[in-house]
2 protein chains.
Amino acid sequence: MSNNPPSGRFAYDGLDRTIHERARLSILTSLMCHPKGLSFVDMKKLCDLTDGNLSRHVKVLVDAGFVSVAKGYEENRPHTHCKITKVGQKQFLDYVSVLQQVVKDAANEKKRVRSAPLKSSIM
Amino acid sequence: MSNNPPSGRFAYDGLDRTIHERARLSILTSLMCHPKGLSFVDMKKLCDLTDGNLSRHVKVLVDAGFVSVAKGYEENRPHTHCKITKVGQKQFLDYVSVLQQVVKDAANEKKRVRSAPLKSSIM
DNA sequence: AATTATACTTTATACTACAAAGTAATTGTT
DNA sequence: AACAATTACTTTGTAGTATAAAGTATAATT
């Protein structure tokens, strides 16, 4: 009753749900790669999302404070420009560092061929 | 009407839903790191999951053919032993290679400081 | 004037993650 | 022997959410 591990070795609780969803991971990564931001239409193409899905997911990201939007007109058409916020950048980088750990863990398996301590020490 | 891109640059459609879910990503990674398999109880600890969640997610993975289970008794207690299957290994590695691309894309942002072609060429 | 196209937003549904409750066998405890 | 507690799970119910489909609004085209 004295040693409860700080967290399961493979729990990955840094994988924030808001970011981990595939569509939003796409959106955020595309925005990270375009510091000046992207239009709704460009994001739609880059992330392969339908209008409805993009709209919904952007709203979630805006509500979380990870993305900011500027709505206006360009060439007589409504034009929505999205940018990742400072908070969004930080959260995203934190998230990615956890991803990196997952990739690292997955890579370890390749080296390890057989045998692993099973009883007592599972780590 | 002749050039539709093969897929959005940031679509990441290799992120299989079955694997991408956090709990299942945990489970699969832990199983990859333990080629001999893991017991229900050990996985619960390693992945920080409740009994109900682990049970449910393992079922999803079994139904997908990614994990196999052997139920038996050990020391007068029911004992479930889980292992990742060949198919599961392959799918997992495919998934991780996409993750690696995400991490790579995310890293690119750090080098890039300002300016990015915006009109015509968004990639 | 009536389609068609663009750029979105809203809704409705089908899915699913998760907590809580349930099952079943075993091991103390009195 | 009876009862409570523990272990090792499974099943159920619900709350949340991703996504397709439908809707809105403006502009260009025929």
# chains A, B, ... in the order shown; residues from 1 in each chain; ligands from 1
$ closest_atom_pairs --of "chain B" --to "chain A" --cutoff "9 Å" --atoms "only C-alpha atoms" --output "JSON lines"
{"residue": "B:Pro5", "atom": "CA", "partner": "A:Lys45", "partner_atom": "CA", "distance": 8.7}
{"residue": "B:Ser7", "atom": "CA", "partner": "A:Asp48", "partner_atom": "CA", "distance": 6.8}
{"residue": "B:Gly8", "atom": "CA", "partner": "A:Leu46", "partner_atom": "CA", "distance": 4.1}
{"residue": "B:Arg9", "atom": "CA", "partner": "A:Leu46", "partner_atom": "CA", "distance": 5.1}
{"residue": "B:Phe10", "atom": "CA", "partner": "A:Cys47", "partner_atom": "CA", "distance": 5.0}
{"residue": "B:Ala11", "atom": "CA", "partner": "A:Cys47", "partner_atom": "CA", "distance": 4.2}
{"residue": "B:Tyr12", "atom": "CA", "partner": "A:Ser26", "partner_atom": "CA", "distance": 6.9}
{"residue": "B:Asp13", "atom": "CA", "partner": "A:Arg22", "partner_atom": "CA", "distance": 8.2}
{"residue": "B:Leu15", "atom": "CA", "partner": "A:Arg22", "partner_atom": "CA", "distance": 7.1}
{"residue": "B:Arg17", "atom": "CA", "partner": "A:Arg22", "partner_atom": "CA", "distance": 8.4}
{"residue": "B:His20", "atom": "CA", "partner": "A:Arg22", "partner_atom": "CA", "distance": 7.9}
{"residue": "B:Glu21", "atom": "CA", "partner": "A:His20", "partner_atom": "CA", "distance": 8.2}
{"residue": "B:Arg22", "atom": "CA", "partner": "A:Leu15", "partner_atom": "CA", "distance": 7.1}
{"residue": "B:Ala23", "atom": "CA", "partner": "A:Ala11", "partner_atom": "CA", "distance": 7.5}
{"residue": "B:Leu25", "atom": "CA", "partner": "A:Val102", "partner_atom": "CA", "distance": 8.5}
{"residue": "B:Ser26", "atom": "CA", "partner": "A:Phe10", "partner_atom": "CA", "distance": 5.3}
{"residue": "B:Ile27", "atom": "CA", "partner": "A:Phe10", "partner_atom": "CA", "distance": 7.5}
{"residue": "B:Thr29", "atom": "CA", "partner": "A:Ala106", "partner_atom": "CA", "distance": 6.1}
{"residue": "B:Ser30", "atom": "CA", "partner": "A:Phe10", "partner_atom": "CA", "distance": 6.1}
{"residue": "B:Met32", "atom": "CA", "partner": "A:Glu109", "partner_atom": "CA", "distance": 5.9}
{"residue": "B:Cys33", "atom": "CA", "partner": "A:Glu109", "partner_atom": "CA", "distance": 5.1}
{"residue": "B:His34", "atom": "CA", "partner": "A:Ala116", "partner_atom": "CA", "distance": 6.6}
{"residue": "B:Pro35", "atom": "CA", "partner": "A:Arg114", "partner_atom": "CA", "distance": 6.9}
{"residue": "B:Lys36", "atom": "CA", "partner": "A:Ser115", "partner_atom": "CA", "distance": 7.1}
{"residue": "B:Gly37", "atom": "CA", "partner": "A:Leu118", "partner_atom": "CA", "distance": 8.8}
{"residue": "B:Leu38", "atom": "CA", "partner": "A:Leu118", "partner_atom": "CA", "distance": 8.0}
{"residue": "B:Asp42", "atom": "CA", "partner": "A:Ile122", "partner_atom": "CA", "distance": 7.2}
{"residue": "B:Met43", "atom": "CA", "partner": "A:Gly8", "partner_atom": "CA", "distance": 8.9}
{"residue": "B:Lys44", "atom": "CA", "partner": "A:Gly8", "partner_atom": "CA", "distance": 8.3}
{"residue": "B:Lys45", "atom": "CA", "partner": "A:Gly8", "partner_atom": "CA", "distance": 5.6}
{"residue": "B:Leu46", "atom": "CA", "partner": "A:Gly8", "partner_atom": "CA", "distance": 4.2}
{"residue": "B:Cys47", "atom": "CA", "partner": "A:Ala11", "partner_atom": "CA", "distance": 4.3}
{"residue": "B:Asp48", "atom": "CA", "partner": "A:Gly8", "partner_atom": "CA", "distance": 5.0}
{"residue": "B:Leu49", "atom": "CA", "partner": "A:Ala11", "partner_atom": "CA", "distance": 7.9}
{"residue": "B:Phe92", "atom": "CA", "partner": "A:Ala106", "partner_atom": "CA", "distance": 8.6}
{"residue": "B:Leu93", "atom": "CA", "partner": "A:Ala106", "partner_atom": "CA", "distance": 7.8}
{"residue": "B:Val96", "atom": "CA", "partner": "A:Val103", "partner_atom": "CA", "distance": 6.2}
{"residue": "B:Ser97", "atom": "CA", "partner": "A:Val103", "partner_atom": "CA", "distance": 8.2}
{"residue": "B:Leu99", "atom": "CA", "partner": "A:Leu99", "partner_atom": "CA", "distance": 7.1}
{"residue": "B:Gln100", "atom": "CA", "partner": "A:Val103", "partner_atom": "CA", "distance": 6.7}
{"residue": "B:Val102", "atom": "CA", "partner": "A:Thr29", "partner_atom": "CA", "distance": 7.3}
{"residue": "B:Val103", "atom": "CA", "partner": "A:Val96", "partner_atom": "CA", "distance": 6.2}
{"residue": "B:Asp105", "atom": "CA", "partner": "A:Thr29", "partner_atom": "CA", "distance": 6.9}
{"residue": "B:Ala106", "atom": "CA", "partner": "A:Thr29", "partner_atom": "CA", "distance": 6.1}
{"residue": "B:Ala107", "atom": "CA", "partner": "A:Leu93", "partner_atom": "CA", "distance": 8.9}
{"residue": "B:Asn108", "atom": "CA", "partner": "A:Cys33", "partner_atom": "CA", "distance": 7.0}
{"residue": "B:Glu109", "atom": "CA", "partner": "A:Cys33", "partner_atom": "CA", "distance": 5.1}
{"residue": "B:Lys110", "atom": "CA", "partner": "A:Cys33", "partner_atom": "CA", "distance": 8.8}
{"residue": "B:Arg112", "atom": "CA", "partner": "A:Cys33", "partner_atom": "CA", "distance": 7.9}
{"residue": "B:Val113", "atom": "CA", "partner": "A:Pro35", "partner_atom": "CA", "distance": 8.0}
{"residue": "B:Arg114", "atom": "CA", "partner": "A:Pro35", "partner_atom": "CA", "distance": 6.9}
{"residue": "B:Ser115", "atom": "CA", "partner": "A:Lys36", "partner_atom": "CA", "distance": 7.2}
{"residue": "B:Ala116", "atom": "CA", "partner": "A:His34", "partner_atom": "CA", "distance": 6.6}
{"residue": "B:Leu118", "atom": "CA", "partner": "A:Leu38", "partner_atom": "CA", "distance": 8.0}
{"residue": "B:Ile122", "atom": "CA", "partner": "A:Asp42", "partner_atom": "CA", "distance": 7.3}
{"residue": "B:Met123", "atom": "CA", "partner": "A:Leu46", "partner_atom": "CA", "distance": 8.0}
$ interface_residues --of "chain C" --to "chain A" --cutoff "9 Å" --atoms "only C-alpha atoms (C1' of nucleotides)" --output "MDAnalysis selection string"
chainID C and resid 6:10
$ write_last_selection --atoms "C-alpha atoms (C1' of nucleotides)" --output "mmCIF file, in the first residue's frame"
data_model
loop_
_atom_site.group_PDB
_atom_site.id
_atom_site.type_symbol
_atom_site.label_atom_id
_atom_site.label_comp_id
_atom_site.auth_asym_id
_atom_site.auth_seq_id
_atom_site.Cartn_x
_atom_site.Cartn_y
_atom_site.Cartn_z
ATOM 1 C "C1'" DT C 6 -18.872 29.424 -53.431
ATOM 2 C "C1'" DA C 7 -18.248 29.667 -48.587
ATOM 3 C "C1'" DC C 8 -19.617 28.538 -45.033
ATOM 4 C "C1'" DT C 9 -23.114 26.960 -40.558
ATOM 5 C "C1'" DT C 10 -26.568 24.170 -38.345
#
$ select_by_dssp --residues "chain B" --states "alpha helix (DSSP H)" --output "compact mmCIF listing (two decimals) with C-alpha atoms, in the first residue's frame"
# COMPACT_ATOMS: atom_id res chain seq x y z
CA ARG B 17 -9.48 4.98 -35.84
CA THR B 18 -9.15 1.59 -34.20
CA ILE B 19 -5.59 2.40 -33.19
CA HIS B 20 -5.75 6.18 -32.83
CA ARG B 22 -5.76 6.92 -26.79
CA ALA B 23 -6.62 3.91 -24.67
CA ARG B 24 -6.06 1.51 -27.55
CA LEU B 25 -2.85 3.22 -28.57
CA SER B 26 -1.68 2.64 -25.00
CA ILE B 27 -2.74 -0.99 -25.06
CA LEU B 28 -1.09 -1.73 -28.39
CA THR B 29 2.13 0.03 -27.50
CA SER B 30 2.37 -1.84 -24.23
CA LEU B 31 1.79 -5.11 -26.09
CA MET B 32 4.39 -4.23 -28.69
CA PHE B 40 -5.29 -8.12 -18.02
CA VAL B 41 -4.09 -6.91 -14.65
CA ASP B 42 -0.67 -5.80 -15.85
CA MET B 43 -2.17 -3.92 -18.76
CA LYS B 44 -4.59 -2.21 -16.44
CA LYS B 45 -1.65 -0.85 -14.48
CA LEU B 46 0.56 -0.03 -17.44
CA CYS B 47 -2.18 1.79 -19.29
CA ASP B 51 -11.45 -2.64 -15.61
CA GLY B 52 -14.45 -1.69 -17.72
CA ASN B 53 -12.52 0.43 -20.16
CA LEU B 54 -9.75 -2.10 -20.63
CA SER B 55 -12.28 -4.87 -21.19
CA ARG B 56 -14.15 -2.84 -23.77
CA HIS B 57 -11.09 -1.66 -25.67
CA VAL B 58 -9.50 -5.10 -25.72
CA LYS B 59 -12.73 -6.42 -27.22
CA VAL B 60 -12.54 -3.81 -29.98
CA LEU B 61 -8.95 -4.80 -30.70
CA VAL B 62 -9.79 -8.49 -30.70
CA ASP B 63 -12.71 -7.91 -33.06
CA LYS B 86 0.87 -10.37 -36.69
CA VAL B 87 -1.83 -8.26 -38.31
CA GLY B 88 -1.91 -6.02 -35.27
CA GLN B 89 1.84 -5.55 -35.43
CA LYS B 90 1.75 -4.59 -39.08
CA GLN B 91 -1.15 -2.20 -38.65
CA PHE B 92 0.48 -0.68 -35.60
CA LEU B 93 3.75 -0.07 -37.40
CA ASP B 94 1.92 1.50 -40.34
CA TYR B 95 0.09 3.72 -37.91
CA VAL B 96 3.29 4.74 -36.15
CA SER B 97 4.94 5.66 -39.43
CA VAL B 98 2.14 8.17 -39.96
CA LEU B 99 2.64 9.45 -36.42
CA GLN B 100 6.29 9.92 -37.28
CA GLN B 101 5.26 12.06 -40.23
CA VAL B 102 3.09 14.17 -37.93
CA VAL B 103 6.01 14.68 -35.58
CA LYS B 104 8.23 15.56 -38.53
CA ASP B 105 5.71 18.06 -39.88
CA ALA B 106 5.40 19.58 -36.45
CA ALA B 107 9.16 19.87 -36.15
CA ASN B 108 9.44 21.66 -39.49
CA GLU B 109 7.59 24.59 -38.06
CA LYS B 110 10.43 25.33 -35.69
CA LYS B 111 12.95 25.92 -38.48
$ closest_atom_pairs --of "chain D" --to "chain A" --cutoff "9 Å" --atoms "only C-alpha atoms (C1' of nucleotides)" --output "Markdown table"
| residue | atom | partner | partner_atom | distance |
| --- | --- | --- | --- | --- |
| D:DA18 | C1' | A:Asn53 | CA | 7.9 |
| D:DT19 | C1' | A:Asn53 | CA | 6.4 |
| D:DA20 | C1' | A:Gly52 | CA | 8.3 |
| D:DT26 | C1' | A:Arg77 | CA | 7.6 |
| D:DA27 | C1' | A:Asn76 | CA | 7.4 |
$ write_last_selection --atoms "C-alpha atoms (C1' of nucleotides)" --output "CSV table (one decimal), in the first residue's frame"
chain,number,residue,atom,x,y,z
D,18,DA,C1',-17.7,13.1,-35.2
D,19,DT,C1',-19.7,13.4,-39.4
D,20,DA,C1',-23.1,13.4,-43.3
D,26,DT,C1',-24.2,35.9,-51.5
D,27,DA,C1',-22.4,36.1,-56.1
$ atom_distance --atom1 "CA of Phe66 (chain B)" --atom2 "CA of His81 (chain B)"
14.0 Å
$ residues_around --residues "DT30 (chain D)" --least-positions-apart "3" --cutoff "12 Å" --atoms "only C-alpha atoms (C1' of nucleotides)" --output "list of chain:residue names"
C:DA1, C:DA2, C:DT3, C:DT4
$ write_last_selection --atoms "C-alpha atoms (C1' of nucleotides)" --output "compact mmCIF listing (two decimals), in the first residue's frame"
# COMPACT_ATOMS: atom_id res chain seq x y z
C1' DA C 1 -35.01 35.10 -63.86
C1' DA C 2 -33.36 31.00 -62.79
C1' DT C 3 -29.47 27.82 -62.11
C1' DT C 4 -25.15 26.98 -60.44
$ atom_distance --atom1 "CA of Glu75 (chain A)" --atom2 "C1' of DA28 (chain D)"
11.9 Å
$ atom_distance --atom1 "C1' of DT16 (chain C)" --atom2 "C1' of DA15 (chain D)"
10.5 Å
$ select_by_dssp --residues "chain B" --states "strand (DSSP E)" --output "number ranges by chain"
B: 38-39, 67-74, 77-84
